[in-house]
$ cat my_file17.cif   # mmCIF, C-alpha atoms and all ligand atoms
data_start
#
loop_
_atom_site.label_atom_id
_atom_site.label_comp_id
_atom_site.auth_asym_id
_atom_site.auth_seq_id
_atom_site.Cartn_x
_atom_site.Cartn_y
_atom_site.Cartn_z
CA MET I 15 43.66 111.58 19.13
CA ILE I 16 45.54 110.91 15.89
CA GLU I 17 48.44 112.83 14.50
CA LEU I 18 50.03 112.09 11.15
CA LYS I 19 53.35 113.88 10.98
CA ASN I 20 55.14 114.50 7.71
CA ILE I 21 54.27 111.09 6.33
CA SER I 22 55.66 109.88 3.03
CA LYS I 23 54.92 106.52 1.50
CA TRP I 24 56.14 104.62 -1.52
CA TYR I 25 54.65 101.60 -3.32
CA GLY I 26 57.90 100.22 -4.71
CA LYS I 27 59.39 103.16 -6.62
CA PHE I 28 56.09 105.03 -6.84
CA ARG I 29 55.71 107.78 -4.28
CA ALA I 30 52.06 107.64 -3.19
CA LEU I 31 52.22 110.18 -0.32
CA THR I 32 54.45 113.19 0.14
CA ASP I 33 54.97 114.87 3.51
CA CYS I 34 51.37 114.56 4.74
CA SER I 35 50.44 116.02 8.13
CA VAL I 36 46.94 115.81 9.61
CA THR I 37 45.54 115.98 13.13
CA VAL I 38 42.25 114.34 14.08
CA ASN I 39 41.11 115.55 17.50
CA ALA I 40 38.79 113.57 19.77
CA GLY I 41 35.17 113.97 18.69
CA GLU I 42 36.13 115.51 15.38
CA VAL I 43 34.90 114.47 11.94
CA VAL I 44 37.58 114.88 9.29
CA VAL I 45 36.66 114.38 5.64
CA PHE I 46 39.34 113.54 3.07
CA CYS I 47 38.48 114.46 -0.49
CA GLY I 48 40.23 114.98 -3.79
CA PRO I 49 40.54 113.40 -7.22
CA SER I 50 40.78 109.66 -7.70
CA GLY I 51 44.33 108.39 -7.15
CA SER I 52 45.32 111.34 -4.96
CA GLY I 53 46.23 109.11 -2.00
CA LYS I 54 43.18 109.46 0.25
CA SER I 55 42.63 105.75 0.73
CA THR I 56 46.33 105.09 1.29
CA LEU I 57 46.48 107.82 3.92
CA ILE I 58 43.42 106.65 5.83
CA LYS I 59 44.64 103.04 5.81
CA LEU I 60 47.88 104.12 7.47
CA ILE I 61 45.89 105.19 10.50
CA ASN I 62 45.10 101.63 11.51
CA GLY I 63 48.19 100.03 10.11
CA LEU I 64 46.66 98.52 6.96
CA GLU I 65 49.41 100.30 5.03
CA VAL I 66 52.92 101.06 6.18
CA PHE I 67 54.83 104.28 5.62
CA GLN I 68 58.53 104.91 5.17
CA GLU I 69 58.94 108.47 6.46
CA GLY I 70 57.27 110.51 9.17
CA ASP I 71 55.39 109.36 12.25
CA LEU I 72 51.91 108.43 13.43
CA LEU I 73 50.90 109.32 16.96
CA TYR I 74 47.88 107.80 18.67
CA LYS I 75 46.90 109.73 21.78
CA GLY I 76 50.38 111.23 21.74
CA GLN I 77 52.17 107.87 21.53
CA SER I 78 54.40 107.23 18.55
CA ILE I 79 53.97 104.14 16.41
CA ARG I 80 57.49 104.55 15.14
CA ALA I 81 58.94 104.50 18.64
CA GLY I 82 56.91 101.35 19.36
CA ALA I 83 54.97 102.99 22.21
CA THR I 84 51.69 101.92 20.58
CA ARG I 85 51.45 98.44 19.09
CA LEU I 86 49.72 97.93 15.76
CA SER I 87 47.45 95.24 17.19
CA ASP I 88 46.25 97.70 19.85
CA LEU I 89 45.67 100.33 17.23
CA ARG I 90 43.55 98.01 15.11
CA ARG I 91 41.49 97.01 18.09
CA ARG I 92 40.72 100.62 18.98
CA ILE I 93 40.06 101.83 15.46
CA GLY I 94 37.09 100.57 13.44
CA MET I 95 37.10 100.62 9.67
CA VAL I 96 34.35 100.49 7.08
CA PHE I 97 35.26 99.81 3.45
CA GLN I 98 33.63 100.49 0.11
CA HIS I 99 32.77 96.80 -0.40
CA PHE I 100 31.39 95.99 3.08
CA GLU I 101 33.60 92.90 3.53
CA LEU I 102 31.00 90.93 5.49
CA PHE I 103 31.50 87.17 5.93
CA PRO I 104 29.10 85.73 3.31
CA HIS I 105 28.68 82.37 5.08
CA LEU I 106 27.69 83.90 8.42
CA SER I 107 24.34 85.41 9.36
CA VAL I 108 24.13 89.11 10.14
CA LEU I 109 24.12 88.32 13.85
CA GLN I 110 27.15 86.03 13.54
CA ASN I 111 28.97 88.71 11.53
CA LEU I 112 28.47 91.00 14.50
CA THR I 113 29.40 88.54 17.24
CA ILE I 114 32.39 86.65 15.85
CA ALA I 115 35.08 89.26 16.52
CA GLN I 116 33.56 90.21 19.85
CA GLU I 117 33.91 86.58 20.97
CA LYS I 118 37.24 85.76 19.35
CA VAL I 119 39.10 89.04 19.85
CA LEU I 120 37.43 90.65 22.86
CA LYS I 121 36.60 87.27 24.49
CA ARG I 122 33.02 88.29 25.22
CA LYS I 123 30.58 85.56 26.18
CA SER I 124 28.15 84.74 23.38
CA LYS I 125 25.11 86.11 25.25
CA GLU I 126 26.88 89.39 25.90
CA ALA I 127 28.11 89.60 22.29
CA GLU I 128 24.58 88.95 20.99
CA LYS I 129 23.10 91.58 23.26
CA LYS I 130 25.58 94.14 21.99
CA ALA I 131 25.01 93.05 18.37
CA LEU I 132 21.22 93.41 18.66
CA LEU I 133 21.59 96.82 20.26
CA LEU I 134 23.74 98.03 17.39
CA LEU I 135 21.57 96.43 14.73
CA ASP I 136 18.70 98.38 16.23
CA ARG I 137 20.78 101.54 16.05
CA VAL I 138 21.29 101.10 12.30
CA GLY I 139 17.64 100.15 11.81
CA LEU I 140 18.17 96.46 11.01
CA SER I 141 16.90 94.53 14.05
CA ALA I 142 14.49 92.59 11.87
CA HIS I 143 17.31 91.21 9.69
CA SER I 144 19.59 89.57 12.23
CA HIS I 145 19.09 86.01 10.93
CA LYS I 146 19.53 86.81 7.25
CA TYR I 147 22.74 86.27 5.30
CA PRO I 148 24.54 89.20 3.63
CA ALA I 149 23.43 88.12 0.14
CA GLN I 150 19.81 88.51 1.24
CA LEU I 151 20.31 92.20 2.01
CA SER I 152 20.56 95.26 -0.22
CA GLY I 153 23.90 97.03 -0.56
CA GLY I 154 22.78 99.83 1.76
CA GLN I 155 21.67 97.32 4.38
CA GLN I 156 24.96 95.40 4.09
CA GLN I 157 26.91 98.59 4.63
CA ARG I 158 24.82 99.43 7.70
CA VAL I 159 25.59 95.93 9.02
CA ALA I 160 29.29 96.59 8.40
CA ILE I 161 29.06 99.81 10.41
CA ALA I 162 27.23 98.03 13.25
CA ARG I 163 29.86 95.28 13.18
CA SER I 164 32.62 97.82 13.64
CA LEU I 165 30.75 99.56 16.44
CA CYS I 166 30.37 96.24 18.31
CA MET I 167 34.10 96.43 19.04
CA ASP I 168 33.68 99.74 20.94
CA PRO I 169 36.09 101.64 18.70
CA GLU I 170 37.53 104.96 19.83
CA VAL I 171 37.81 106.12 16.22
CA MET I 172 35.98 105.10 13.05
CA LEU I 173 37.56 105.20 9.60
CA PHE I 174 35.39 105.17 6.48
CA ASP I 175 36.90 104.54 3.04
CA GLU I 176 34.33 105.60 0.43
CA PRO I 177 31.51 103.80 2.26
CA THR I 178 28.82 104.84 -0.23
CA SER I 179 30.70 104.62 -3.54
CA ALA I 180 29.56 101.11 -4.38
CA LEU I 181 25.91 101.82 -3.61
CA ASP I 182 22.97 102.63 -5.86
CA PRO I 183 21.96 106.26 -5.40
CA GLU I 184 18.78 105.52 -3.45
CA MET I 185 20.77 103.60 -0.83
CA ILE I 186 23.39 106.24 -0.22
CA ASN I 187 21.23 108.32 2.10
CA GLU I 188 20.37 105.48 4.47
CA VAL I 189 24.10 104.89 5.04
CA LEU I 190 24.87 108.60 5.34
CA ALA I 191 22.05 108.94 7.89
CA VAL I 192 23.78 106.36 10.11
CA MET I 193 27.11 108.14 9.70
CA ILE I 194 25.58 111.53 10.48
CA GLU I 195 24.01 110.16 13.65
CA LEU I 196 27.34 108.68 14.68
CA ALA I 197 29.07 112.01 14.08
CA GLN I 198 26.42 113.86 16.06
CA ASP I 199 26.87 111.40 18.92
CA GLY I 200 30.49 112.55 19.16
CA MET I 201 32.37 109.68 17.46
CA THR I 202 35.84 110.60 16.21
CA MET I 203 35.71 109.92 12.47
CA ALA I 204 38.01 110.09 9.46
CA CYS I 205 36.11 109.63 6.20
CA VAL I 206 37.19 109.40 2.60
CA THR I 207 34.10 110.38 0.66
CA HIS I 208 32.81 112.23 -2.37
CA GLU I 209 29.59 113.04 -0.52
CA MET I 210 30.04 116.76 -0.18
CA GLY I 211 26.58 117.22 1.39
CA PHE I 212 27.69 114.94 4.21
CA ALA I 213 30.99 116.81 4.54
CA ARG I 214 29.23 120.14 4.69
CA LYS I 215 26.79 118.92 7.30
CA VAL I 216 29.09 117.17 9.78
CA ALA I 217 32.77 117.70 8.97
CA ASP I 218 34.79 119.81 11.37
CA LYS I 219 37.69 119.74 8.95
CA VAL I 220 38.14 118.99 5.26
CA VAL I 221 41.47 117.71 3.98
CA PHE I 222 41.85 118.17 0.23
CA MET I 223 44.47 116.00 -1.47
CA ASP I 224 46.01 115.93 -4.91
CA SER I 225 48.86 113.81 -6.31
CA GLY I 226 49.74 112.29 -2.94
CA ALA I 227 49.99 115.61 -1.11
CA ILE I 228 47.69 117.55 1.17
CA VAL I 229 46.89 120.70 -0.74
CA GLU I 230 44.54 122.26 1.78
CA THR I 231 43.19 121.63 5.28
CA ASN I 232 40.27 123.87 6.10
CA SER I 233 37.08 124.13 8.11
CA ALA I 234 34.13 122.71 6.14
CA GLU I 235 32.48 126.12 6.04
CA GLU I 236 35.58 127.81 4.58
CA PHE I 237 36.36 124.93 2.24
CA PHE I 238 32.97 125.08 0.58
CA THR I 239 32.52 128.84 0.51
CA ASN I 240 36.06 130.08 0.07
CA PRO I 241 38.64 127.36 -0.68
CA LYS I 242 42.23 128.53 -0.32
CA SER I 243 43.66 126.72 -3.33
CA GLU I 244 42.94 126.90 -7.03
CA ARG I 245 42.98 123.09 -7.25
CA ALA I 246 40.31 122.76 -4.55
CA ARG I 247 38.19 125.37 -6.37
CA ASP I 248 38.47 123.37 -9.62
CA PHE I 249 37.65 120.11 -7.84
CA LEU I 250 34.58 121.60 -6.13
CA ALA I 251 33.34 123.14 -9.37
CA LYS I 252 33.50 119.70 -11.02
CA ILE I 253 32.10 117.62 -8.18
CA LEU I 254 29.30 120.00 -7.24
CA HIS I 255 28.02 119.95 -10.79
P1 LIG I 301 42.55 107.56 -3.77
O1 LIG I 301 42.03 106.90 -2.55
O2 LIG I 301 42.71 109.05 -3.61
O3 LIG I 301 41.79 107.22 -5.02
P2 LIG I 301 44.78 105.71 -3.47
O4 LIG I 301 45.30 105.98 -2.12
O5 LIG I 301 43.91 104.53 -3.66
O6 LIG I 301 44.05 107.04 -4.02
O7 LIG I 301 45.99 105.60 -4.48
C1 LIG I 301 47.02 106.57 -4.54
C2 LIG I 301 48.03 106.14 -5.59
O8 LIG I 301 48.72 104.97 -5.14
C3 LIG I 301 47.39 105.79 -6.92
O9 LIG I 301 48.24 106.23 -7.96
C4 LIG I 301 47.34 104.27 -6.90
O10 LIG I 301 47.41 103.73 -8.18
C5 LIG I 301 48.56 103.92 -6.06
N1 LIG I 301 48.37 102.67 -5.29
C6 LIG I 301 47.38 102.42 -4.39
N2 LIG I 301 47.51 101.19 -3.86
C7 LIG I 301 48.61 100.64 -4.45
C8 LIG I 301 49.29 99.38 -4.30
N3 LIG I 301 48.85 98.45 -3.46
N4 LIG I 301 50.38 99.18 -5.06
C9 LIG I 301 50.84 100.14 -5.92
N5 LIG I 301 50.26 101.34 -6.09
C10 LIG I 301 49.15 101.60 -5.36
#
$ encode --input "my_file17.cif" --output "structure tokens"
Amino acid sequence: MIELKNISKWYGKFRALTDCSVTVNAGEVVVFCGPSGSGKSTLIKLINGLEVFQEGDLLYKGQSIRAGATRLSDLRRRIGMVFQHFELFPHLSVLQNLTIAQEKVLKRKSKEAEKKALLLLDRVGLSAHSHKYPAQLSGGQQQRVAIARSLCMDPEVMLFDEPTSALDPEMINEVLAVMIELAQDGMTMACVTHEMGFARKVADKVVFMDSGAIVETNSAEEFFTNPKSERARDFLAKILH
């Protein structure tokens, strides 16, 4: 579905990514982990064109971005993204947050958009909150709304950039439960997260990064029981404590 090939990226003179290659197959859940500043967020944002890269190539369903065979606007439409800080529109109700892009981008009629929105709010357990505004919801609820909003656009892939890092501990599980269900339903997912329990439960692949490079790509089972690299072993020892 997605292939990152030998990607390098600079922010000005600072090299943020060095020769990164990752494949995300259809239906796979790939978890990106590693120390803060290792380039995870930068790498995941490249996938839907929120960051640009200078070297390498990105293929979506075998079509190169570099060669112009896939347009960035198409990519963004097909790939949903959920951020650490939810990014809901504060002046719109939950329902309006879920319908606005459906109507403006996908040109759905408002009744159809509302029907879809209510279906997805139900899926994340928030049907009763459709008329509230984001500020009236807890952080965990806002993040579930953000996930539902992304799903309203019928994405082929979902990207998550530390979706639970800004949440109080008791709200983390309600968001992870939605993500686990999505994974089990067969959604293709790329997730930057420190939630190793989640990774262990649903990840097909773990990509461990350090200093802008991919140090190790492994199955979740192998990564947690027998990591290949010393750096991954150190990281796991710290994070699992
Ligand atoms: P991670 O997600 O692993 O914490 P990031 O991808 O956010 O890491 O950052 C990787 C490196 O790139 C860090 O050193 C960070 O300071 C740097 N960086 C990230 N975004 C920018 C930016 N917009 N401009 C300059 N440097 C950046």
$ atom_distance --input "my_file17.cif" --atom1 "atom CA of Asp175 of chain I" --atom2 "atom CA of Ser141 of chain I"
24.9 Å
$ residues_around --input "my_file17.cif" --residues "segment 221-236 of chain I" --least-positions-apart "6" --cutoff "9 Å" --atoms "all atoms listed in the file" --output "PyMOL selection string"
chain I and resi 22-23+29-36+44-54+57+213-215+242-243+245-246
$ closest_residue --input "my_file17.cif" --among "I:Leu173, I:Leu18, I:Ile114, I:Ile58" --to "ligand LIG 301 (chain I)" --atoms "only C-alpha atoms and all ligand atoms"
I:Ile58
$ closest_residue --input "my_file17.cif" --among "I:Cys205, I:Leu112, I:Ala197, I:Val192" --to "Glu176 of chain I" --atoms "only C-alpha atoms"
I:Cys205
$ closest_residue --input "my_file17.cif" --among "I:His105, I:Arg85, I:Arg80, I:Arg91" --to "Glu170 of chain I" --atoms "all atoms listed in the file"
I:Arg91
$ closest_residue --input "my_file17.cif" --among "I:Phe249, I:Trp24, I:Phe237, I:Phe174" --to "ligand LIG 301 (chain I)" --atoms "all atoms listed in the file"
I:Trp24
$ axis_aligned_box --input "my_file17.cif" --around "segment 173-187 of chain I" --padding-each-side "5 Å" --output "AutoDock Vina command-line options"
--center_x 28.2 --center_y 104.7 --center_z 1.9 --size_x 28.8 --size_y 17.2 --size_z 25.5
